[in-house]
Amino acid sequence: ALTGGDGPTLDAFVSRDAAELLRERGTAPISEDDRVRYEVHPLDDAPIDQLLNTVSKQMNEWSGAHAWRDAGAPCASLQKCKAHVAASITISDLDDEWLLVSLLADLTRMERVACRVTDSDGEFLLVDAADHLPDWLEPESAVGRTWLVAGSIAVVLDEPGGPLPLQKGLGLCCSSRDNAASREATSALRRRERSLKEGAQTCVLGRRQNVVVSMPSHAWRVFRRAPRLLGPAAAKAPRRAPSSKSTTEGIVRLSKASYARLSASTDDIGAALAA
């Protein structure tokens with residue numbers, strides 16, 4: 001199947017240049033596969049308004065230097081639900097996805113909350129616990145069973161058979177951190193945290209691409225003050241942008257996907273960002 005049909009042979013595919021693959025991925029349109037949703041549930045009687053303010057303050061403070069793809073991410077779309085708060089963001093790559101998970105894990109260490117995070121594949125936090133999952137746990141029955149709580153991943157295996165109502169999963173997650181699936185998933189999270197972050201609250205930019213660009217001085221000052229605007233600017237950059245005579249040269253840090261998208265569509269990345 002890998003060598004038949006109209007596609008390339010396996011050898012041809014794996015030998016392709018990584019930059020070429022990045023360019024192809026970078027020019028692809030935004031799809032549902034690029035969206036990640038998270039929920040923050042209180043473990044006490046904290047008012048929802050207070051929870052909303054706490055989540056916004058902490059998450060924005062910890063990730064203020066990160067070039068998210070969405071303007072104002074990760075809390076721009078944060079809203080109150082009946083008993084929790086929730087938001088969704090557009091990600092540029094897996095670093096964005098796991099950085100969000102790591103930030104939420106930090107939140108559960110410091111606040112009396114538990115979090116759920118899912119993407120288009122569903123409960124993706126289960127991926128590292130696959131060797132310890134029971135046979136009955138299918139994607140449909142995994143809903144409501146994977147949580148971030150007290151800085152760890154908790155996989156709720158009580159009451160087997162089907163998906164858990166959220167309130168029941170929330171009630172069981174604190175006591176589910178010590179089973180084998182939870183321990184394995186948490187160990188994998190720790191390894192990813194070490195590669196993405198330095199210290200308890202210091203957000204680094206993951207595996208970003210350093211790019212030397214020239215852009216108008218006023219635009220450079222804006223991006224220096226608010227680096228989180230780089231992601232949205234890269235996502236909306238026009239194919240052609242007028243060059244400016246008054247420019248400043250400097251280094252910006254973009255996700256590899258954003259850099260690939262820009263380099264594939266324009267010869268002047270600085271002008272495109274500034275536009």
# chains A, B, ... in the order shown; residues from 1 in each chain; ligands from 1
$ residues_around --residues "region 34-41 of chain A" --least-positions-apart "4" --cutoff "9 Å" --atoms "only C-alpha atoms" --output "MDAnalysis selection string"
chainID A and resid 30 51:52 55 83:93 97 100:101 104 108 112:120 170
$ closest_residue --among "A:Ala105, A:Leu172, A:Ala181, A:Leu166" --to "Glu193 (chain A)" --atoms "only C-alpha atoms"
A:Ala105
$ atom_distance --atom1 "CA of Asp158 (chain A)" --atom2 "CA of Cys173 (chain A)"
9.6 Å
$ select_by_dssp --residues "region 67-188 of chain A" --states "alpha helix (DSSP H)" --output "PyMOL selection string"
chain A and resi 94-110+166-173+180-188
$ closest_residue --among "A:Leu125, A:Pro165, A:Glu159, A:Arg194" --to "Ser182 (chain A)" --atoms "only C-alpha atoms"
A:Leu125
$ atom_distance --atom1 "CA of Ser102 (chain A)" --atom2 "CA of Gly161 (chain A)"
29.4 Å
$ closest_residue --among "A:Gln167, A:Thr146, A:Asn60, A:Ser77" --to "Pro42 (chain A)" --atoms "only C-alpha atoms"
A:Gln167
$ closest_residue --among "A:Ser176, A:Gln79, A:Asn53, A:Ser63" --to "Leu99 (chain A)" --atoms "only C-alpha atoms"
A:Ser63
$ select_by_dssp --residues "region 69-198 of chain A" --states "strand (DSSP E or B)" --output "MDAnalysis selection string"
chainID A and resid 79:80 85:90 113:119 122 146:149 152:155 197
$ atom_distance --atom1 "CA of Ala129 (chain A)" --atom2 "CA of Gly171 (chain A)"
21.0 Å
